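Student: Got a file for you: entry01.pdb, PDB, C-alpha atoms and all ligand atoms.
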```
ATOM      1  CA  MET X  29     -12.860 -12.456  19.167  1.00  0.00           C
ATOM      2  CA  LEU X  30     -12.447  -8.753  18.557  1.00  0.00           C
ATOM      3  CA  LYS X  31     -14.250  -5.753  19.958  1.00  0.00           C
ATOM      4  CA  LYS X  32     -16.832  -4.369  17.510  1.00  0.00           C
ATOM      5  CA  GLU X  33     -14.974  -1.060  17.186  1.00  0.00           C
ATOM      6  CA  ILE X  34     -11.739  -2.838  16.304  1.00  0.00           C
ATOM      7  CA  THR X  35     -13.392  -5.116  13.733  1.00  0.00           C
ATOM      8  CA  GLU X  36     -14.959  -2.069  12.093  1.00  0.00           C
ATOM      9  CA  ALA X  37     -11.673  -0.180  12.023  1.00  0.00           C
ATOM     10  CA  LEU X  38      -9.853  -3.199  10.523  1.00  0.00           C
ATOM     11  CA  ASN X  39     -12.548  -3.504   7.853  1.00  0.00           C
ATOM     12  CA  GLU X  40     -12.094   0.201   7.080  1.00  0.00           C
ATOM     13  CA  GLN X  41      -8.372  -0.391   6.772  1.00  0.00           C
ATOM     14  CA  ILE X  42      -8.955  -3.182   4.222  1.00  0.00           C
ATOM     15  CA  ASN X  43     -10.791  -0.598   2.147  1.00  0.00           C
ATOM     16  CA  LYS X  44      -7.852   1.829   2.405  1.00  0.00           C
ATOM     17  CA  GLU X  45      -5.359  -0.863   1.401  1.00  0.00           C
ATOM     18  CA  ILE X  46      -7.434  -1.846  -1.630  1.00  0.00           C
ATOM     19  CA  PHE X  47      -7.777   1.824  -2.540  1.00  0.00           C
ATOM     20  CA  SER X  48      -3.960   2.017  -2.358  1.00  0.00           C
ATOM     21  CA  ALA X  49      -3.768  -0.924  -4.783  1.00  0.00           C
ATOM     22  CA  TYR X  50      -6.231   0.817  -7.093  1.00  0.00           C
ATOM     23  CA  LEU X  51      -4.276   4.095  -6.920  1.00  0.00           C
ATOM     24  CA  TYR X  52      -0.999   2.385  -7.835  1.00  0.00           C
ATOM     25  CA  MET X  53      -2.706   0.495 -10.625  1.00  0.00           C
ATOM     26  CA  SER X  54      -3.843   3.873 -11.959  1.00  0.00           C
ATOM     27  CA  MET X  55      -0.290   5.235 -11.688  1.00  0.00           C
ATOM     28  CA  SER X  56       0.892   2.143 -13.560  1.00  0.00           C
ATOM     29  CA  ALA X  57      -1.568   2.887 -16.365  1.00  0.00           C
ATOM     30  CA  TYR X  58      -0.469   6.544 -16.479  1.00  0.00           C
ATOM     31  CA  THR X  59       3.262   5.767 -16.629  1.00  0.00           C
ATOM     32  CA  SER X  60       2.610   3.032 -19.187  1.00  0.00           C
ATOM     33  CA  ASP X  61       0.957   5.670 -21.387  1.00  0.00           C
ATOM     34  CA  LEU X  62       4.196   7.680 -21.090  1.00  0.00           C
ATOM     35  CA  VAL X  63       6.056   4.573 -22.331  1.00  0.00           C
ATOM     36  CA  LEU X  64       7.875   4.368 -19.018  1.00  0.00           C
ATOM     37  CA  LYS X  65       7.506   0.605 -18.789  1.00  0.00           C
ATOM     38  CA  GLY X  66       9.788   0.303 -15.757  1.00  0.00           C
ATOM     39  CA  PHE X  67       7.705   2.790 -13.772  1.00  0.00           C
ATOM     40  CA  ALA X  68       4.557   1.005 -14.916  1.00  0.00           C
ATOM     41  CA  SER X  69       5.947  -2.327 -13.775  1.00  0.00           C
ATOM     42  CA  TRP X  70       7.092  -0.867 -10.436  1.00  0.00           C
ATOM     43  CA  PHE X  71       3.626   0.492  -9.716  1.00  0.00           C
ATOM     44  CA  MET X  72       2.040  -2.823 -10.673  1.00  0.00           C
ATOM     45  CA  VAL X  73       4.313  -4.577  -8.169  1.00  0.00           C
ATOM     46  CA  GLN X  74       3.128  -1.981  -5.652  1.00  0.00           C
ATOM     47  CA  TYR X  75      -0.460  -2.858  -6.560  1.00  0.00           C
ATOM     48  CA  HIS X  76       0.240  -6.490  -5.573  1.00  0.00           C
ATOM     49  CA  GLU X  77       1.909  -5.392  -2.331  1.00  0.00           C
ATOM     50  CA  GLU X  78      -1.179  -3.428  -1.361  1.00  0.00           C
ATOM     51  CA  MET X  79      -3.508  -6.324  -2.132  1.00  0.00           C
ATOM     52  CA  TYR X  80      -1.283  -8.419   0.107  1.00  0.00           C
ATOM     53  CA  HIS X  81      -1.656  -5.840   2.894  1.00  0.00           C
ATOM     54  CA  ALA X  82      -5.426  -5.971   2.474  1.00  0.00           C
ATOM     55  CA  MET X  83      -5.558  -9.764   2.433  1.00  0.00           C
ATOM     56  CA  LYS X  84      -3.367 -10.086   5.508  1.00  0.00           C
ATOM     57  CA  MET X  85      -5.929  -7.994   7.367  1.00  0.00           C
ATOM     58  CA  TYR X  86      -8.824  -9.918   5.818  1.00  0.00           C
ATOM     59  CA  GLU X  87      -7.393 -13.169   7.161  1.00  0.00           C
ATOM     60  CA  TYR X  88      -6.671 -11.692  10.567  1.00  0.00           C
ATOM     61  CA  ILE X  89     -10.310 -10.627  10.977  1.00  0.00           C
ATOM     62  CA  GLN X  90     -11.444 -14.130  10.031  1.00  0.00           C
ATOM     63  CA  SER X  91      -8.893 -15.810  12.286  1.00  0.00           C
ATOM     64  CA  GLN X  92     -10.444 -13.876  15.162  1.00  0.00           C
ATOM     65  CA  GLY X  93     -13.889 -15.281  14.307  1.00  0.00           C
ATOM     66  CA  GLU X  94     -15.177 -11.992  12.927  1.00  0.00           C
ATOM     67  CA  SER X  95     -16.657 -11.115   9.527  1.00  0.00           C
ATOM     68  CA  VAL X  96     -15.013  -9.259   6.702  1.00  0.00           C
ATOM     69  CA  VAL X  97     -17.266  -6.492   5.385  1.00  0.00           C
ATOM     70  CA  LEU X  98     -16.165  -5.071   2.041  1.00  0.00           C
ATOM     71  CA  LYS X  99     -17.193  -1.606   0.962  1.00  0.00           C
ATOM     72  CA  ALA X 100     -17.108   0.419  -2.246  1.00  0.00           C
ATOM     73  CA  ILE X 101     -13.658   1.457  -3.391  1.00  0.00           C
ATOM     74  CA  GLU X 102     -13.317   5.125  -4.294  1.00  0.00           C
ATOM     75  CA  ALA X 103     -12.077   5.920  -7.809  1.00  0.00           C
ATOM     76  CA  PRO X 104      -8.422   6.987  -7.856  1.00  0.00           C
ATOM     77  CA  ALA X 105      -6.983   9.883  -9.867  1.00  0.00           C
ATOM     78  CA  THR X 106      -6.468   8.815 -13.468  1.00  0.00           C
ATOM     79  CA  THR X 107      -4.060  11.478 -14.586  1.00  0.00           C
ATOM     80  CA  PHE X 108      -0.943  12.977 -13.072  1.00  0.00           C
ATOM     81  CA  ASP X 109       1.346  15.888 -13.938  1.00  0.00           C
ATOM     82  CA  SER X 110       4.574  13.907 -14.314  1.00  0.00           C
ATOM     83  CA  PRO X 111       6.432  10.840 -12.995  1.00  0.00           C
ATOM     84  CA  LEU X 112       7.572  13.050 -10.106  1.00  0.00           C
ATOM     85  CA  ASP X 113       3.941  13.880  -9.355  1.00  0.00           C
ATOM     86  CA  THR X 114       3.083  10.161  -9.087  1.00  0.00           C
ATOM     87  CA  PHE X 115       5.669   9.684  -6.361  1.00  0.00           C
ATOM     88  CA  GLU X 116       4.745  12.912  -4.571  1.00  0.00           C
ATOM     89  CA  LYS X 117       1.152  11.684  -4.500  1.00  0.00           C
ATOM     90  CA  THR X 118       2.406   8.252  -3.398  1.00  0.00           C
ATOM     91  CA  LEU X 119       4.206   9.796  -0.431  1.00  0.00           C
ATOM     92  CA  GLU X 120       1.196  11.916   0.466  1.00  0.00           C
ATOM     93  CA  HIS X 121      -1.026   8.837   0.322  1.00  0.00           C
ATOM     94  CA  GLU X 122       1.361   6.699   2.345  1.00  0.00           C
ATOM     95  CA  GLN X 123       1.508   9.374   5.056  1.00  0.00           C
ATOM     96  CA  PHE X 124      -2.282   9.179   5.222  1.00  0.00           C
ATOM     97  CA  VAL X 125      -2.124   5.368   5.499  1.00  0.00           C
ATOM     98  CA  THR X 126       0.556   5.600   8.202  1.00  0.00           C
ATOM     99  CA  GLN X 127      -1.717   7.854  10.246  1.00  0.00           C
ATOM    100  CA  SER X 128      -4.550   5.397   9.776  1.00  0.00           C
ATOM    101  CA  ILE X 129      -2.382   2.468  10.971  1.00  0.00           C
ATOM    102  CA  HIS X 130      -1.250   4.522  13.975  1.00  0.00           C
ATOM    103  CA  ASP X 131      -4.879   5.326  14.826  1.00  0.00           C
ATOM    104  CA  LEU X 132      -5.669   1.606  14.635  1.00  0.00           C
ATOM    105  CA  MET X 133      -2.742   0.856  16.916  1.00  0.00           C
ATOM    106  CA  ASP X 134      -3.955   3.493  19.396  1.00  0.00           C
ATOM    107  CA  LEU X 135      -7.375   1.841  19.353  1.00  0.00           C
ATOM    108  CA  ALA X 136      -5.872  -1.609  20.020  1.00  0.00           C
ATOM    109  CA  ILE X 137      -3.862  -0.175  22.927  1.00  0.00           C
ATOM    110  CA  GLU X 138      -6.910   1.624  24.318  1.00  0.00           C
ATOM    111  CA  HIS X 139      -8.871  -1.654  24.252  1.00  0.00           C
ATOM    112  CA  LYS X 140      -5.912  -3.650  25.636  1.00  0.00           C
ATOM    113  CA  ASP X 141      -6.177  -5.864  22.543  1.00  0.00           C
ATOM    114  CA  HIS X 142      -2.702  -7.411  22.641  1.00  0.00           C
ATOM    115  CA  ALA X 143      -3.197  -9.745  19.662  1.00  0.00           C
ATOM    116  CA  THR X 144      -4.245  -6.882  17.378  1.00  0.00           C
ATOM    117  CA  LYS X 145      -1.399  -4.756  18.668  1.00  0.00           C
ATOM    118  CA  ILE X 146       1.145  -7.461  17.748  1.00  0.00           C
ATOM    119  CA  PHE X 147      -0.568  -7.970  14.392  1.00  0.00           C
ATOM    120  CA  LEU X 148      -0.388  -4.236  13.602  1.00  0.00           C
ATOM    121  CA  GLU X 149       3.302  -3.944  14.426  1.00  0.00           C
ATOM    122  CA  TRP X 150       4.102  -5.429  10.999  1.00  0.00           C
ATOM    123  CA  TYR X 151       2.122  -2.610   9.344  1.00  0.00           C
ATOM    124  CA  VAL X 152       3.836   0.068  11.428  1.00  0.00           C
ATOM    125  CA  SER X 153       7.250  -1.112  10.151  1.00  0.00           C
ATOM    126  CA  GLU X 154       5.937  -1.530   6.622  1.00  0.00           C
ATOM    127  CA  GLN X 155       4.763   2.097   6.571  1.00  0.00           C
ATOM    128  CA  VAL X 156       8.235   3.345   7.539  1.00  0.00           C
ATOM    129  CA  GLU X 157       9.552   1.490   4.486  1.00  0.00           C
ATOM    130  CA  GLU X 158       6.760   2.749   2.199  1.00  0.00           C
ATOM    131  CA  GLU X 159       7.400   6.393   3.084  1.00  0.00           C
ATOM    132  CA  ASP X 160      11.156   5.972   2.842  1.00  0.00           C
ATOM    133  CA  THR X 161      10.915   4.432  -0.649  1.00  0.00           C
ATOM    134  CA  ALA X 162       8.586   7.166  -1.934  1.00  0.00           C
ATOM    135  CA  GLY X 163      10.915   9.826  -0.479  1.00  0.00           C
ATOM    136  CA  ASP X 164      13.917   8.277  -2.279  1.00  0.00           C
ATOM    137  CA  MET X 165      12.058   8.209  -5.590  1.00  0.00           C
ATOM    138  CA  ILE X 166      11.105  11.871  -5.213  1.00  0.00           C
ATOM    139  CA  ALA X 167      14.718  12.823  -4.471  1.00  0.00           C
ATOM    140  CA  GLN X 168      15.964  10.897  -7.517  1.00  0.00           C
ATOM    141  CA  LEU X 169      13.354  12.383  -9.822  1.00  0.00           C
ATOM    142  CA  LYS X 170      14.193  15.887  -8.622  1.00  0.00           C
ATOM    143  CA  MET X 171      17.853  15.222  -9.406  1.00  0.00           C
ATOM    144  CA  ILE X 172      16.884  13.954 -12.849  1.00  0.00           C
ATOM    145  CA  GLY X 173      14.799  17.055 -13.609  1.00  0.00           C
ATOM    146  CA  GLN X 174      14.360  17.355 -17.378  1.00  0.00           C
ATOM    147  CA  ASP X 175      17.167  14.919 -18.234  1.00  0.00           C
ATOM    148  CA  ALA X 176      15.385  12.355 -20.456  1.00  0.00           C
ATOM    149  CA  HIS X 177      18.399  10.050 -20.579  1.00  0.00           C
ATOM    150  CA  ALA X 178      18.589   9.866 -16.773  1.00  0.00           C
ATOM    151  CA  LEU X 179      14.834   9.266 -16.619  1.00  0.00           C
ATOM    152  CA  LEU X 180      15.168   6.321 -18.989  1.00  0.00           C
ATOM    153  CA  MET X 181      18.016   4.938 -16.854  1.00  0.00           C
ATOM    154  CA  MET X 182      15.771   5.137 -13.790  1.00  0.00           C
ATOM    155  CA  ASP X 183      12.987   3.488 -15.775  1.00  0.00           C
ATOM    156  CA  ARG X 184      15.301   0.579 -16.523  1.00  0.00           C
ATOM    157  CA  GLU X 185      16.210   0.256 -12.849  1.00  0.00           C
ATOM    158  CA  LEU X 186      12.582   0.275 -11.731  1.00  0.00           C
ATOM    159  CA  ALA X 187      11.786  -2.492 -14.228  1.00  0.00           C
ATOM    160  CA  VAL X 188      13.961  -4.873 -12.192  1.00  0.00           C
ATOM    161  CA  ARG X 189      11.679  -4.843  -9.139  1.00  0.00           C
ATOM    162  CA  ALA X 190       9.903  -8.184  -8.767  1.00  0.00           C
ATOM    163  CA  VAL X 191       6.886  -9.187  -6.732  1.00  0.00           C
ATOM    164  CA  GLY X 192       8.228 -10.537  -3.446  1.00  0.00           C
ATOM    165  CA  ILE X 193       4.982 -11.633  -1.849  1.00  0.00           C
ATOM    166  CA  PRO X 194       2.302 -14.180  -2.750  1.00  0.00           C
ATOM    167  CA  VAL X 195      -0.238 -12.931  -5.278  1.00  0.00           C
ATOM    168  CA  ASP X 196      -2.540 -15.949  -5.271  1.00  0.00           C
ATOM    169  CA  PHE X 197      -4.594 -15.744  -2.090  1.00  0.00           C
ATOM    170  CA  SER X 198      -6.703 -18.849  -2.682  1.00  0.00           C
ATOM    171  CA  LYS X 199      -4.664 -20.836  -0.141  1.00  0.00           C
ATOM    172  CA  GLY X 200      -4.022 -17.962   2.235  1.00  0.00           C
ATOM    173  CA  VAL X 201      -1.681 -14.975   2.238  1.00  0.00           C
ATOM    174  CA  GLU X 202       1.399 -16.851   3.370  1.00  0.00           C
ATOM    175  CA  GLN X 203       1.195 -19.633   0.774  1.00  0.00           C
ATOM    176  CA  GLU X 204       1.637 -19.608  -2.948  1.00  0.00           C
ATOM    177  CA  GLY X 205      -0.047 -22.013  -5.342  1.00  0.00           C
TER     178      GLY X 205
HETATM  179 FE1  LIG L 301      -0.428  -0.713   2.500  1.00  0.00          FE
HETATM  180  O1  LIG L 301       1.031   0.356   2.462  1.00  0.00           O
HETATM  181 FE2  LIG L 301       0.839   1.508   1.078  1.00  0.00          FE
HETATM  182  O2  LIG L 301      -0.820   2.072   1.325  1.00  0.00           O
END
```
Could I get this file's structure written as structure tokens?
Tutor:
Amino acid sequence: MLKKEITEALNEQINKEIFSAYLYMSMSAYTSDLVLKGFASWFMVQYHEEMYHAMKMYEYIQSQGESVVLKAIEAPATTFDSPLDTFEKTLEHEQFVTQSIHDLMDLAIEHKDHATKIFLEWYVSEQVEEEDTAGDMIAQLKMIGQDAHALLMMDRELAVRAVGIPVDFSKGVEQEG
């Protein structure tokens, strides 16, 4: 059982995670239009990661005997200035999500909700990684500048990233198939 305020905040967070998925899907479409297939693939992997974040929370709410309440997902931006802009906006968005996770953690601490606190620790670590990755991409793209050859090399590297988490949630977030 969760306190009402915590259930509501977790449901809000599901919305933010699905918005993140939607945003990265939009960045995938944009970079695909630029024929940067590696970037497009990388962002689609990120889309799956975000859906996983949302579903992990969805299951946690249910495991605590509470109800998931889904809300409308805001439309993401559909156009960006450049590949660099996509990662700058990614970092900006991840900083917003980090703050939201920290606020949730503060709420769990305030309510002495130890189970939710332990559950959220995974997200706190995940956000450190998310911001770090976006920061690295920005640094690399700034180094690349207008060098098309270097950009294509980076595109090839990004294409290698594979989905490392389950994407079929029909049997739960921790099981595939
Ligand atoms: Fe869910 O980590 Fe990004 O938003």
Student: Hey, which bits of chain X sit within 8 Å of ligand LIG 301 (chain L), and for each residue what's the closest pair of atoms and how far apart in Å (one decimal), counting all atoms listed in the file, rows by chain and increasing number, as a tab-separated table?
Tutor:
```
residue	atom	partner	partner_atom	distance
X:Lys44	CA	L:LIG301	O2	7.1
X:Glu45	CA	L:LIG301	FE1	5.1
X:Phe47	CA	L:LIG301	O2	8.0
X:Ser48	CA	L:LIG301	O2	4.8
X:Ala49	CA	L:LIG301	O2	7.4
X:Gln74	CA	L:LIG301	FE2	7.9
X:Glu77	CA	L:LIG301	FE1	7.1
X:Glu78	CA	L:LIG301	FE1	4.8
X:Met79	CA	L:LIG301	FE1	7.9
X:His81	CA	L:LIG301	FE1	5.3
X:Ala82	CA	L:LIG301	FE1	7.3
X:His121	CA	L:LIG301	O2	6.8
X:Glu122	CA	L:LIG301	O2	5.2
X:Val125	CA	L:LIG301	O2	5.5
X:Thr126	CA	L:LIG301	O1	7.8
X:Tyr151	CA	L:LIG301	FE1	7.5
X:Glu154	CA	L:LIG301	O1	6.7
X:Gln155	CA	L:LIG301	O1	5.8
X:Glu158	CA	L:LIG301	FE2	6.2
```
Student: In Å, with one decimal, what is the gap from atom CA of X:Tyr75 to atom CA of X:Pro111?
Tutor: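 For atom CA of X:Tyr75 relative to atom CA of X:Pro111, the distance reads 16.6 Å.
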Student: When you look at X:Ser69 with a cut-off of 10 Å (counting only C-alpha atoms), what residues show up, excluding the ones that are within fewer than 3 positions of it in the same chain? I need them as a PyMOL selection string.
Tutor: chain X and resi 53+56-57+59-60+64-66+72-75+183+186-191
Student: Rank nothing, just name the residue among X:Ile42, X:Val97, X:Leu62, X:Ala37 nearest to X:His130, using all atoms listed in the file.
Tutor: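 Result for the nearest residue to X:His130: X:Ala37.
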Student: Can you list what the PyMOL selection byres (((chain X and resi 115) around 12) and not hetatm) grabs from this structure, as a ChimeraX atom specification?
Tutor: /X:51-52,55-56,59,67,70-71,74,108-114,116-122,158-170
Student: Starting from 3 Å padding per side, set up an axis-aligned box that covers all listed atoms of stretch 116-135 of chain X and hand over centre and edge lengths in Å, one decimal, as JSON.
Tutor:
```
{"center_x": -1.3, "center_y": 6.9, "center_z": 7.4, "size_x": 18.1, "size_y": 18.1, "size_z": 30.0}
```
Student: Name the closest residue to X:Val195 among the candidates X:His76, X:Thr35, X:Phe124, X:Glu40; distances are taken between atoms, counting only C-alpha atoms.
Tutor: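 Checking each of X:His76, X:Thr35, X:Phe124, X:Glu40 against X:Val195, counting only C-alpha atoms, the winner is X:His76.
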Student: With only C-alpha atoms as the basis for distance, which of X:Glu102, X:Asp141, X:Asp196, X:Glu149 is at the shortest distance from X:Asn43?
Tutor: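 Distance minimum relative to X:Asn43 lands on X:Glu102.
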Student: If you count only C-alpha atoms, which residues fall within 9 Å of X:Ile89, apart from same-chain ones fewer than 2 positions away, as a list in words?
Tutor: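 Near X:Ile89, the qualifying residues are Met29, Leu30, Thr35, Leu38, Asn39, Lys84, Met85, Tyr86, Glu87, Ser91, Gln92, Gly93, Glu94, Ser95 and Val96 of chain X.
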Student: Can you tell me how far atom CA of X:Ala100 sits from atom CA of X:Tyr80, in Å to one decimal?
Tutor: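 These two atoms are separated by 18.3 Å.
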Student: Pick from X:Ile193, X:Met83, X:Val201, X:Leu148: nearest to X:Leu135, with only C-alpha atoms counted?
Tutor: X:Leu148
Student: Could you rebuild stretch 56-71 of chain X with N, CA, C and O atoms and give me the result as a short mmCIF file (atom, residue, chain, number, x, y, z; two decimals), in the coordinates of the input?
Tutor:
```
data_model
loop_
_atom_site.label_atom_id
_atom_site.label_comp_id
_atom_site.auth_asym_id
_atom_site.auth_seq_id
_atom_site.Cartn_x
_atom_site.Cartn_y
_atom_site.Cartn_z
N SER X 56 0.26 3.06 -12.60
CA SER X 56 0.89 2.14 -13.56
C SER X 56 0.35 2.42 -14.96
O SER X 56 1.11 2.48 -15.93
N ALA X 57 -0.95 2.60 -15.06
CA ALA X 57 -1.57 2.89 -16.36
C ALA X 57 -1.04 4.21 -16.92
O ALA X 57 -0.71 4.31 -18.11
N TYR X 58 -0.94 5.22 -16.05
CA TYR X 58 -0.47 6.54 -16.48
C TYR X 58 0.97 6.48 -16.99
O TYR X 58 1.30 6.98 -18.07
N THR X 59 1.85 5.82 -16.23
CA THR X 59 3.26 5.77 -16.63
C THR X 59 3.44 4.86 -17.86
O THR X 59 4.33 5.09 -18.67
N SER X 60 2.56 3.87 -17.99
CA SER X 60 2.61 3.03 -19.19
C SER X 60 2.27 3.87 -20.42
O SER X 60 2.91 3.74 -21.47
N ASP X 61 1.31 4.77 -20.27
CA ASP X 61 0.96 5.67 -21.39
C ASP X 61 2.13 6.57 -21.77
O ASP X 61 2.23 7.02 -22.91
N LEU X 62 3.02 6.85 -20.80
CA LEU X 62 4.20 7.68 -21.09
C LEU X 62 5.34 6.84 -21.67
O LEU X 62 6.44 7.34 -21.87
N VAL X 63 5.07 5.55 -21.86
CA VAL X 63 6.06 4.57 -22.33
C VAL X 63 7.21 4.45 -21.34
O VAL X 63 8.36 4.17 -21.71
N LEU X 64 6.90 4.62 -20.08
CA LEU X 64 7.88 4.37 -19.02
C LEU X 64 7.52 3.00 -18.44
O LEU X 64 6.83 2.89 -17.42
N LYS X 65 7.92 1.97 -19.14
CA LYS X 65 7.51 0.60 -18.79
C LYS X 65 8.05 0.15 -17.44
O LYS X 65 7.42 -0.66 -16.75
N GLY X 66 9.22 0.66 -17.06
CA GLY X 66 9.79 0.30 -15.76
C GLY X 66 8.97 0.90 -14.62
O GLY X 66 8.68 0.22 -13.62
N PHE X 67 8.57 2.15 -14.78
CA PHE X 67 7.70 2.79 -13.77
C PHE X 67 6.38 2.02 -13.68
O PHE X 67 5.87 1.75 -12.61
N ALA X 68 5.85 1.70 -14.87
CA ALA X 68 4.56 1.00 -14.92
C ALA X 68 4.65 -0.34 -14.20
O ALA X 68 3.76 -0.72 -13.43
N SER X 69 5.74 -1.03 -14.42
CA SER X 69 5.95 -2.33 -13.78
C SER X 69 6.11 -2.14 -12.26
O SER X 69 5.53 -2.90 -11.47
N TRP X 70 6.87 -1.14 -11.86
CA TRP X 70 7.09 -0.87 -10.44
C TRP X 70 5.75 -0.61 -9.73
O TRP X 70 5.48 -1.17 -8.66
N PHE X 71 4.92 0.19 -10.35
CA PHE X 71 3.63 0.49 -9.72
C PHE X 71 2.72 -0.73 -9.70
O PHE X 71 1.89 -0.89 -8.79
#
```
